[in-house]
Amino acid sequence: MAKPAVELVGVTKRFGDDVIAVNGIDLVVNDGEFFSLLGPSGCGKTTTLRMIAGFEFPTEGSIRVHGAEMGLKPPNQRPINTVFQSYALFPHMSVVENVAFGLNMKKVEKSEIQRRVARVLDQVQLSKRADARPSQLSGGMQQRVALARALVNEPEVLLLDEPLGALDLKLRQAMEVELKDLQSRVGITFIYVTHDQEEALTMSDRIGVMNEGSLLQVGPSQEIYERPTSRFVADFIGDINLLDITVSGPNLARLGTGVEIGIPGSDVQTGGLLTLALRPERLELYDLDEEIPAGHNRVKVRVARRLYFGDVYFYDVDAGIGTEIEVKEENRPGVDLYDVGEEAYLVWSPEAANLVVR
Amino acid sequence: MTTPAATTKRDETRAATPELEQAAERAEARRGLFISLPAYVYLVVLFVIPLVLVFVYSFATRDATGQTVLEDWNLDSYKRLFTPIVLEIFLRSLVLAVITTLICLAVSYPFAFYIATRSSRFRSLLLVLVMIPFWSNFLVRTYAWRVILGSEGPVSQLSVALGGEPIRLLFTNAAVLIGLVYGFMPFMVLPLYAALERMDWRLVEAARDLYADGWTAFRKVTFPLSMPGVVAGSILVFIPSLGAYVTPALLGGANTVLMGDYIVSQFLAARNWPFGSALSFAVMFVMLLATVFYFRAGAKTL
């Protein structure tokens, strides 16, 4: 299987003359990968998914599945199945009939259908509800029927369109784990569309972040989170502080207050304007008389707010740059607490920050 | 979140002051009765009482002059239902009503589908077009068909122009069928439209995704899910077709007597009220049977 599971080459989708839903996307999804398309609503991720499924056709560009050009092939001729956002279970059919639908369409032998449906229902733990109608099932069960209905066909690629969106938090978290386990067990390529960054980070091997029809960054979860290459990606995924800086020398920059700090290496010349992206958990507060680790940045701040979250404390600190900076400290035994109004040093390693275009 | 607390409180209240609770329930029942009163009055005065009268008359006898006398109650009128002439008229009516329903369904379904899948503005326009015929009197419109289908009418002229014989459709079963299909078509289109308009098209996408081609997706998903519309439309067309009077009277001939005309002729020309009443009941019974059967069949697919 040298060929990638799905390949998008210069895929653009226009609706009418002035709406560009998807703007020249190039993407390679590897075989057996759990890939997520992440972005805010209206970013074009669902349109992209629908083009892969065959419900929409690209205005420009080409989509290949394991090397085979999809062109104008209708959905029923693609080796792809979809788990729909609303599940789209057939209300007039029982669970078994829903799950067997695809195999019946492919004219698989009856005994084979029975065997495969029974096995997949067992996998999603719905054997006992096989004869129920979808309306008699809970949201979580409907979700699993939708999954079983797609997986039973053993597609080359499974598309999932925000499948967990309708579930409550507890169930969603349980399903995230279940989905991930299922995917590594069956080994089918998953393309998962979501606006929930946590979901994407938890489950994906790689993530593609989309905004306004463009694919901004593609990479493993950690890379997307730790090394965002654009302001949008940095801001969209997780909590982050975005500080405007002016480059003042090699690996040096000034904050708005004029305080000089160390920054990661960059090819931006002195005087260049950039934004520094700093995760709250990479920041620490130190007493004014405490020793600072060598090579770390240190900025004097005043604590404006302290929020208790049980496992962590959030501090909003004022460094005199207009916006407050958020600091996340773990609630460990013996941790130093800072009170509102207290002065402290904000400390971080230059390498913990990311530079993005302003 | 507040439900358990609310229930407890309610239970306490009931335990403490059962009279209050009962009074509230009585008031609720009074309000219900008040709201439904016009409907009940309407049904009793205009439906139940006449129906009982017809039922009573169907067992009455006629004296020597043909007057109906309400004595010597008997089943003669019902026995007459099973004579060959009645059965023939009934069978003809039934076949015509079934064919009318099937043609209406076949023509209306694609049309309703078309309307339901248009943009909402165009949709309203099309719906108004469906209802425009109702703006003029049904009798007038049926008379128009007499002109269209007559031996001098456009259909006939077209046939002559194409080098054929003049066609006279008027006073044939075909004319009655055309009239019935024309008259009842909107009653099929509207419920079908309502059913298709509510359709969740993502289900059709799901079917396509699961390897069904367009036609199969329609057969397995769209059509079964539009069954409520099919059932409602079919009943709305079948029942008036079975009892139709105006259309067969104006467009049909002597050989095409249908149940509707036949009943009317019993009350007017033959002045045989008991038999006319029995005929009416027989038709109603068949309609009821057909409706129940059809609803059952329709409900099964859902």
# chains A, B, ... in the order shown; residues from 1 in each chain; ligands from 1
>>> select_by_dssp(residues="region 100-267 of chain A", states="strand (DSSP E or B)", output="PyMOL selection string")
chain A and resi 157-161+189-194+206-211+214-220+241-249+252-254+260-262
>>> residues_around(residues="Gln136 (chain A)", least_positions_apart="5", cutoff="12 Å", atoms="only C-alpha atoms", output="JSON, numbers by chain")
{"A": [89, 91, 92, 93, 94, 95, 129, 130, 131, 141, 142]}
>>> write_last_selection(atoms="N, CA and C atoms", output="CSV table (one decimal), in the first residue's frame")
chain,number,residue,atom,x,y,z
A,89,LEU,N,-29.8,7.7,10.3
A,89,LEU,CA,-30.3,6.4,10.3
A,89,LEU,C,-31.7,6.3,9.7
A,91,PRO,N,-35.2,5.7,9.5
A,91,PRO,CA,-36.2,5.5,10.7
A,91,PRO,C,-37.2,4.4,10.4
A,92,HIS,N,-37.3,4.0,9.2
A,92,HIS,CA,-38.3,2.9,8.9
A,92,HIS,C,-37.7,1.5,8.9
A,93,MET,N,-36.4,1.5,9.3
A,93,MET,CA,-35.8,0.2,9.3
A,93,MET,C,-35.2,-0.1,10.7
A,94,SER,N,-35.1,-1.4,11.1
A,94,SER,CA,-34.6,-1.8,12.3
A,94,SER,C,-33.1,-1.6,12.3
A,95,VAL,N,-32.4,-1.8,13.5
A,95,VAL,CA,-31.0,-1.6,13.6
A,95,VAL,C,-30.3,-2.6,12.6
A,129,ARG,N,-30.1,-5.0,20.9
A,129,ARG,CA,-31.1,-4.1,20.3
A,129,ARG,C,-31.2,-4.2,18.8
A,130,ALA,N,-30.8,-5.4,18.3
A,130,ALA,CA,-30.8,-5.5,16.8
A,130,ALA,C,-32.1,-5.3,16.1
A,131,ASP,N,-33.2,-5.6,16.8
A,131,ASP,CA,-34.5,-5.4,16.1
A,131,ASP,C,-35.2,-4.1,16.5
A,141,MET,N,-26.4,5.2,21.5
A,141,MET,CA,-26.6,3.9,20.7
A,141,MET,C,-26.8,4.2,19.2
A,142,GLN,N,-27.5,5.3,18.9
A,142,GLN,CA,-27.8,5.7,17.5
A,142,GLN,C,-26.4,5.9,16.8
>>> closest_residue(among="B:Asp261, B:Glu21, B:Asp209, B:Glu165", to="chain A", atoms="only C-alpha atoms")
B:Asp209
>>> select_by_dssp(residues="region 139-249 of chain B", states="helix (DSSP H, G or I)", output="PyMOL selection string")
chain B and resi 139-149+154-161+173-197+201-209+214-225+227-242+246-249
>>> write_last_selection(atoms="C-alpha atoms", output="short mmCIF file (atom, residue, chain, number, x, y, z; two decimals), in the first residue's frame")
data_model
loop_
_atom_site.label_atom_id
_atom_site.label_comp_id
_atom_site.auth_asym_id
_atom_site.auth_seq_id
_atom_site.Cartn_x
_atom_site.Cartn_y
_atom_site.Cartn_z
CA LEU B 139 -69.49 22.33 -11.82
CA VAL B 140 -68.31 25.02 -14.23
CA ARG B 141 -64.98 23.29 -14.66
CA THR B 142 -66.69 19.97 -15.33
CA TYR B 143 -68.84 21.64 -17.99
CA ALA B 144 -65.64 22.89 -19.59
CA TRP B 145 -64.59 19.27 -19.99
CA ARG B 146 -67.83 18.59 -21.87
CA VAL B 147 -66.67 21.10 -24.46
CA ILE B 148 -63.11 19.77 -24.56
CA LEU B 149 -64.16 16.13 -24.87
CA PRO B 154 -60.29 20.35 -29.46
CA VAL B 155 -59.38 16.72 -28.81
CA SER B 156 -61.54 15.62 -31.70
CA GLN B 157 -60.31 18.47 -33.93
CA LEU B 158 -56.73 17.55 -33.23
CA SER B 159 -57.42 13.99 -34.26
CA VAL B 160 -59.02 15.16 -37.53
CA ALA B 161 -56.16 17.58 -38.17
CA ASN B 173 -65.86 5.82 -19.01
CA ALA B 174 -62.71 7.48 -20.30
CA ALA B 175 -64.35 10.91 -20.02
CA VAL B 176 -65.43 10.15 -16.45
CA LEU B 177 -61.92 9.00 -15.63
CA ILE B 178 -60.39 12.16 -17.09
CA GLY B 179 -62.86 14.27 -15.13
CA LEU B 180 -62.20 12.44 -11.87
CA VAL B 181 -58.41 12.57 -12.25
CA TYR B 182 -58.61 16.25 -13.09
CA GLY B 183 -60.94 17.05 -10.21
CA PHE B 184 -59.14 15.19 -7.46
CA MET B 185 -55.51 15.66 -8.47
CA PRO B 186 -54.85 18.53 -6.00
CA PHE B 187 -55.99 16.31 -3.12
CA MET B 188 -53.17 13.95 -4.05
CA VAL B 189 -50.53 16.60 -4.74
CA LEU B 190 -50.90 18.47 -1.46
CA PRO B 191 -50.43 15.60 1.03
CA LEU B 192 -47.61 14.19 -1.10
CA TYR B 193 -45.96 17.58 -1.14
CA ALA B 194 -46.35 17.87 2.65
CA ALA B 195 -44.71 14.47 3.13
CA LEU B 196 -41.84 15.14 0.70
CA GLU B 197 -41.25 18.64 2.00
CA TRP B 201 -32.62 14.41 2.38
CA ARG B 202 -29.57 13.37 4.39
CA LEU B 203 -31.20 9.94 4.57
CA VAL B 204 -31.10 9.78 0.79
CA GLU B 205 -27.44 10.80 0.91
CA ALA B 206 -26.85 8.05 3.47
CA ALA B 207 -28.45 5.54 1.10
CA ARG B 208 -26.27 6.78 -1.78
CA ASP B 209 -23.25 6.54 0.51
CA GLY B 214 -30.42 6.97 -7.36
CA TRP B 215 -33.39 4.80 -8.21
CA THR B 216 -32.73 2.29 -5.43
CA ALA B 217 -32.31 5.10 -2.90
CA PHE B 218 -35.71 6.36 -3.97
CA ARG B 219 -37.29 2.93 -3.71
CA LYS B 220 -35.75 2.04 -0.36
CA VAL B 221 -35.78 5.40 1.41
CA THR B 222 -37.64 8.30 -0.21
CA PHE B 223 -40.77 6.42 -1.18
CA PRO B 224 -41.25 4.46 2.07
CA LEU B 225 -40.73 7.65 4.06
CA MET B 227 -45.90 6.75 2.69
CA PRO B 228 -47.97 8.96 5.02
CA GLY B 229 -48.49 11.34 2.09
CA VAL B 230 -49.27 8.48 -0.28
CA VAL B 231 -51.82 7.04 2.14
CA ALA B 232 -53.47 10.38 2.89
CA GLY B 233 -53.58 11.41 -0.77
CA SER B 234 -54.93 8.05 -1.90
CA ILE B 235 -57.73 8.14 0.66
CA LEU B 236 -58.57 11.72 -0.23
CA VAL B 237 -58.85 10.75 -3.91
CA PHE B 238 -60.31 7.26 -3.60
CA ILE B 239 -63.24 8.10 -1.34
CA PRO B 240 -64.70 11.01 -3.29
CA SER B 241 -64.05 9.12 -6.54
CA LEU B 242 -66.05 6.14 -5.31
CA VAL B 246 -71.24 15.46 -10.57
CA THR B 247 -68.47 14.13 -12.81
CA PRO B 248 -70.16 10.91 -13.94
CA ALA B 249 -73.52 12.72 -14.24
#
>>> interface_residues(of="chain A", to="chain B", cutoff="10 Å", atoms="only C-alpha atoms", output="number ranges by chain")
A: 53-55, 74-93, 98-106, 146, 149-150, 153
>>> write_last_selection(atoms="N, CA and C atoms", output="compact mmCIF listing (two decimals), in the first residue's frame")
# COMPACT_ATOMS: atom_id res chain seq x y z
N ALA A 53 -16.57 12.25 -0.20
CA ALA A 53 -17.64 11.25 -0.21
C ALA A 53 -18.32 11.16 -1.57
N GLY A 54 -18.31 12.28 -2.32
CA GLY A 54 -18.97 12.29 -3.63
C GLY A 54 -20.32 12.98 -3.63
N PHE A 55 -20.67 13.67 -2.53
CA PHE A 55 -21.93 14.41 -2.50
C PHE A 55 -21.79 15.76 -3.21
N PRO A 74 -20.34 8.98 -8.54
CA PRO A 74 -21.32 9.20 -7.47
C PRO A 74 -20.91 8.44 -6.19
N PRO A 75 -21.47 8.82 -5.06
CA PRO A 75 -21.07 8.24 -3.77
C PRO A 75 -21.12 6.71 -3.76
N ASN A 76 -22.13 6.13 -4.45
CA ASN A 76 -22.29 4.68 -4.38
C ASN A 76 -21.20 3.92 -5.11
N GLN A 77 -20.40 4.65 -5.92
CA GLN A 77 -19.31 3.95 -6.62
C GLN A 77 -17.95 4.23 -5.99
N ARG A 78 -17.94 4.82 -4.80
CA ARG A 78 -16.67 5.10 -4.14
C ARG A 78 -16.46 4.13 -2.98
N PRO A 79 -15.22 3.71 -2.76
CA PRO A 79 -14.96 2.75 -1.68
C PRO A 79 -14.88 3.45 -0.33
N ILE A 80 -15.88 4.28 -0.08
CA ILE A 80 -15.86 5.18 1.07
C ILE A 80 -17.21 5.13 1.74
N ASN A 81 -17.24 5.17 3.07
CA ASN A 81 -18.51 5.31 3.76
C ASN A 81 -18.45 6.47 4.74
N THR A 82 -19.62 6.98 5.10
CA THR A 82 -19.69 8.17 5.91
C THR A 82 -20.51 7.92 7.18
N VAL A 83 -20.04 8.48 8.29
CA VAL A 83 -20.88 8.55 9.49
C VAL A 83 -21.35 10.00 9.58
N PHE A 84 -22.66 10.18 9.44
CA PHE A 84 -23.20 11.53 9.32
C PHE A 84 -23.35 12.19 10.69
N GLN A 85 -23.32 13.52 10.63
CA GLN A 85 -23.43 14.32 11.84
C GLN A 85 -24.71 13.99 12.62
N SER A 86 -25.82 13.88 11.85
CA SER A 86 -27.10 13.61 12.50
C SER A 86 -27.38 12.11 12.49
N TYR A 87 -26.38 11.32 12.18
CA TYR A 87 -26.43 9.85 12.04
C TYR A 87 -27.17 9.41 10.79
N ALA A 88 -28.28 10.12 10.43
CA ALA A 88 -29.05 9.77 9.23
C ALA A 88 -29.38 8.28 9.19
N LEU A 89 -29.83 7.75 10.32
CA LEU A 89 -30.28 6.35 10.33
C LEU A 89 -31.66 6.30 9.67
N PHE A 90 -31.93 5.21 8.95
CA PHE A 90 -33.22 5.07 8.30
C PHE A 90 -34.28 4.79 9.35
N PRO A 91 -35.23 5.70 9.55
CA PRO A 91 -36.18 5.54 10.65
C PRO A 91 -37.16 4.39 10.43
N HIS A 92 -37.32 3.98 9.16
CA HIS A 92 -38.30 2.93 8.87
C HIS A 92 -37.68 1.55 8.85
N MET A 93 -36.42 1.47 9.30
CA MET A 93 -35.77 0.17 9.32
C MET A 93 -35.23 -0.12 10.72
N ASN A 98 -30.73 -1.41 9.02
CA ASN A 98 -29.87 -0.27 8.78
C ASN A 98 -28.44 -0.73 8.49
N VAL A 99 -27.95 -1.60 9.38
CA VAL A 99 -26.55 -2.02 9.26
C VAL A 99 -26.34 -2.87 8.00
N ALA A 100 -27.35 -3.66 7.65
CA ALA A 100 -27.19 -4.56 6.49
C ALA A 100 -27.40 -3.84 5.16
N PHE A 101 -27.83 -2.58 5.21
CA PHE A 101 -28.23 -1.87 3.99
C PHE A 101 -27.13 -1.89 2.92
N GLY A 102 -25.94 -1.47 3.32
CA GLY A 102 -24.84 -1.36 2.35
C GLY A 102 -24.49 -2.72 1.74
N LEU A 103 -24.45 -3.75 2.58
CA LEU A 103 -24.09 -5.08 2.08
C LEU A 103 -25.18 -5.61 1.14
N ASN A 104 -26.44 -5.33 1.48
CA ASN A 104 -27.53 -5.72 0.59
C ASN A 104 -27.39 -5.05 -0.77
N MET A 105 -27.02 -3.76 -0.74
CA MET A 105 -26.85 -3.02 -1.99
C MET A 105 -25.72 -3.60 -2.82
N LYS A 106 -24.69 -4.07 -2.12
CA LYS A 106 -23.55 -4.65 -2.85
C LYS A 106 -23.80 -6.09 -3.24
N ALA A 146 -24.81 4.05 13.60
CA ALA A 146 -24.29 4.76 12.42
C ALA A 146 -22.88 4.30 12.11
N ARG A 149 -23.03 0.74 10.76
CA ARG A 149 -23.59 0.72 9.41
C ARG A 149 -22.53 1.06 8.37
N ALA A 150 -21.60 1.93 8.76
CA ALA A 150 -20.53 2.29 7.83
C ALA A 150 -19.41 1.25 7.85
N ASN A 153 -19.21 -2.37 6.00
CA ASN A 153 -18.85 -2.46 4.58
C ASN A 153 -17.35 -2.55 4.34
>>> atom_distance(atom1="CA of Val9 (chain A)", atom2="CA of Arg358 (chain A)")
29.0 Å
>>> residues_around(residues="region 53-55 of chain B", least_positions_apart="5", cutoff="10 Å", atoms="only C-alpha atoms", output="PyMOL selection string")
chain B and resi 48+60+273-274+276-278+280-281
>>> residues_around(residues="Asn255 (chain B)", least_positions_apart="5", cutoff="10 Å", atoms="only C-alpha atoms", output="tab-separated table (two decimals) with C-alpha atoms, in the first residue's frame")
chain	number	residue	atom	x	y	z
B	89	ILE	CA	-72.45	-0.59	-10.93
B	171	PHE	CA	-70.23	10.12	-22.24
B	172	THR	CA	-67.68	7.32	-21.97
B	173	ASN	CA	-65.86	5.82	-19.01
>>> closest_residue(among="B:Tyr109, B:Phe90, B:Phe275, B:Tyr262", to="Val56 (chain B)", atoms="only C-alpha atoms")
B:Phe275
>>> atom_distance(atom1="CA of Leu91 (chain B)", atom2="CA of Gly253 (chain B)")
16.7 Å
>>> atom_distance(atom1="CA of Gly24 (chain A)", atom2="CA of Pro220 (chain A)")
21.6 Å
>>> residues_around(residues="Val259 (chain A)", least_positions_apart="4", cutoff="8 Å", atoms="only C-alpha atoms", output="PDB file with N, CA and C atoms, in the first residue's frame")
ATOM      1  N   ARG A 254      11.495  43.139  21.748  1.00  0.00           N
ATOM      2  CA  ARG A 254      10.965  43.978  22.830  1.00  0.00           C
ATOM      3  C   ARG A 254       9.457  43.814  22.914  1.00  0.00           C
ATOM      4  N   LEU A 255       8.946  43.742  24.163  1.00  0.00           N
ATOM      5  CA  LEU A 255       7.508  43.795  24.388  1.00  0.00           C
ATOM      6  C   LEU A 255       7.062  45.245  24.254  1.00  0.00           C
ATOM      7  N   VAL A 299       9.768  38.727  33.276  1.00  0.00           N
ATOM      8  CA  VAL A 299       9.060  40.001  33.138  1.00  0.00           C
ATOM      9  C   VAL A 299       8.306  40.254  34.431  1.00  0.00           C
TER      10      VAL A 299
END
>>> residues_around(residues="Lys128 (chain A)", least_positions_apart="6", cutoff="12 Å", atoms="only C-alpha atoms", output="number ranges by chain")
A: 95-96, 118, 121-122, 137, 141
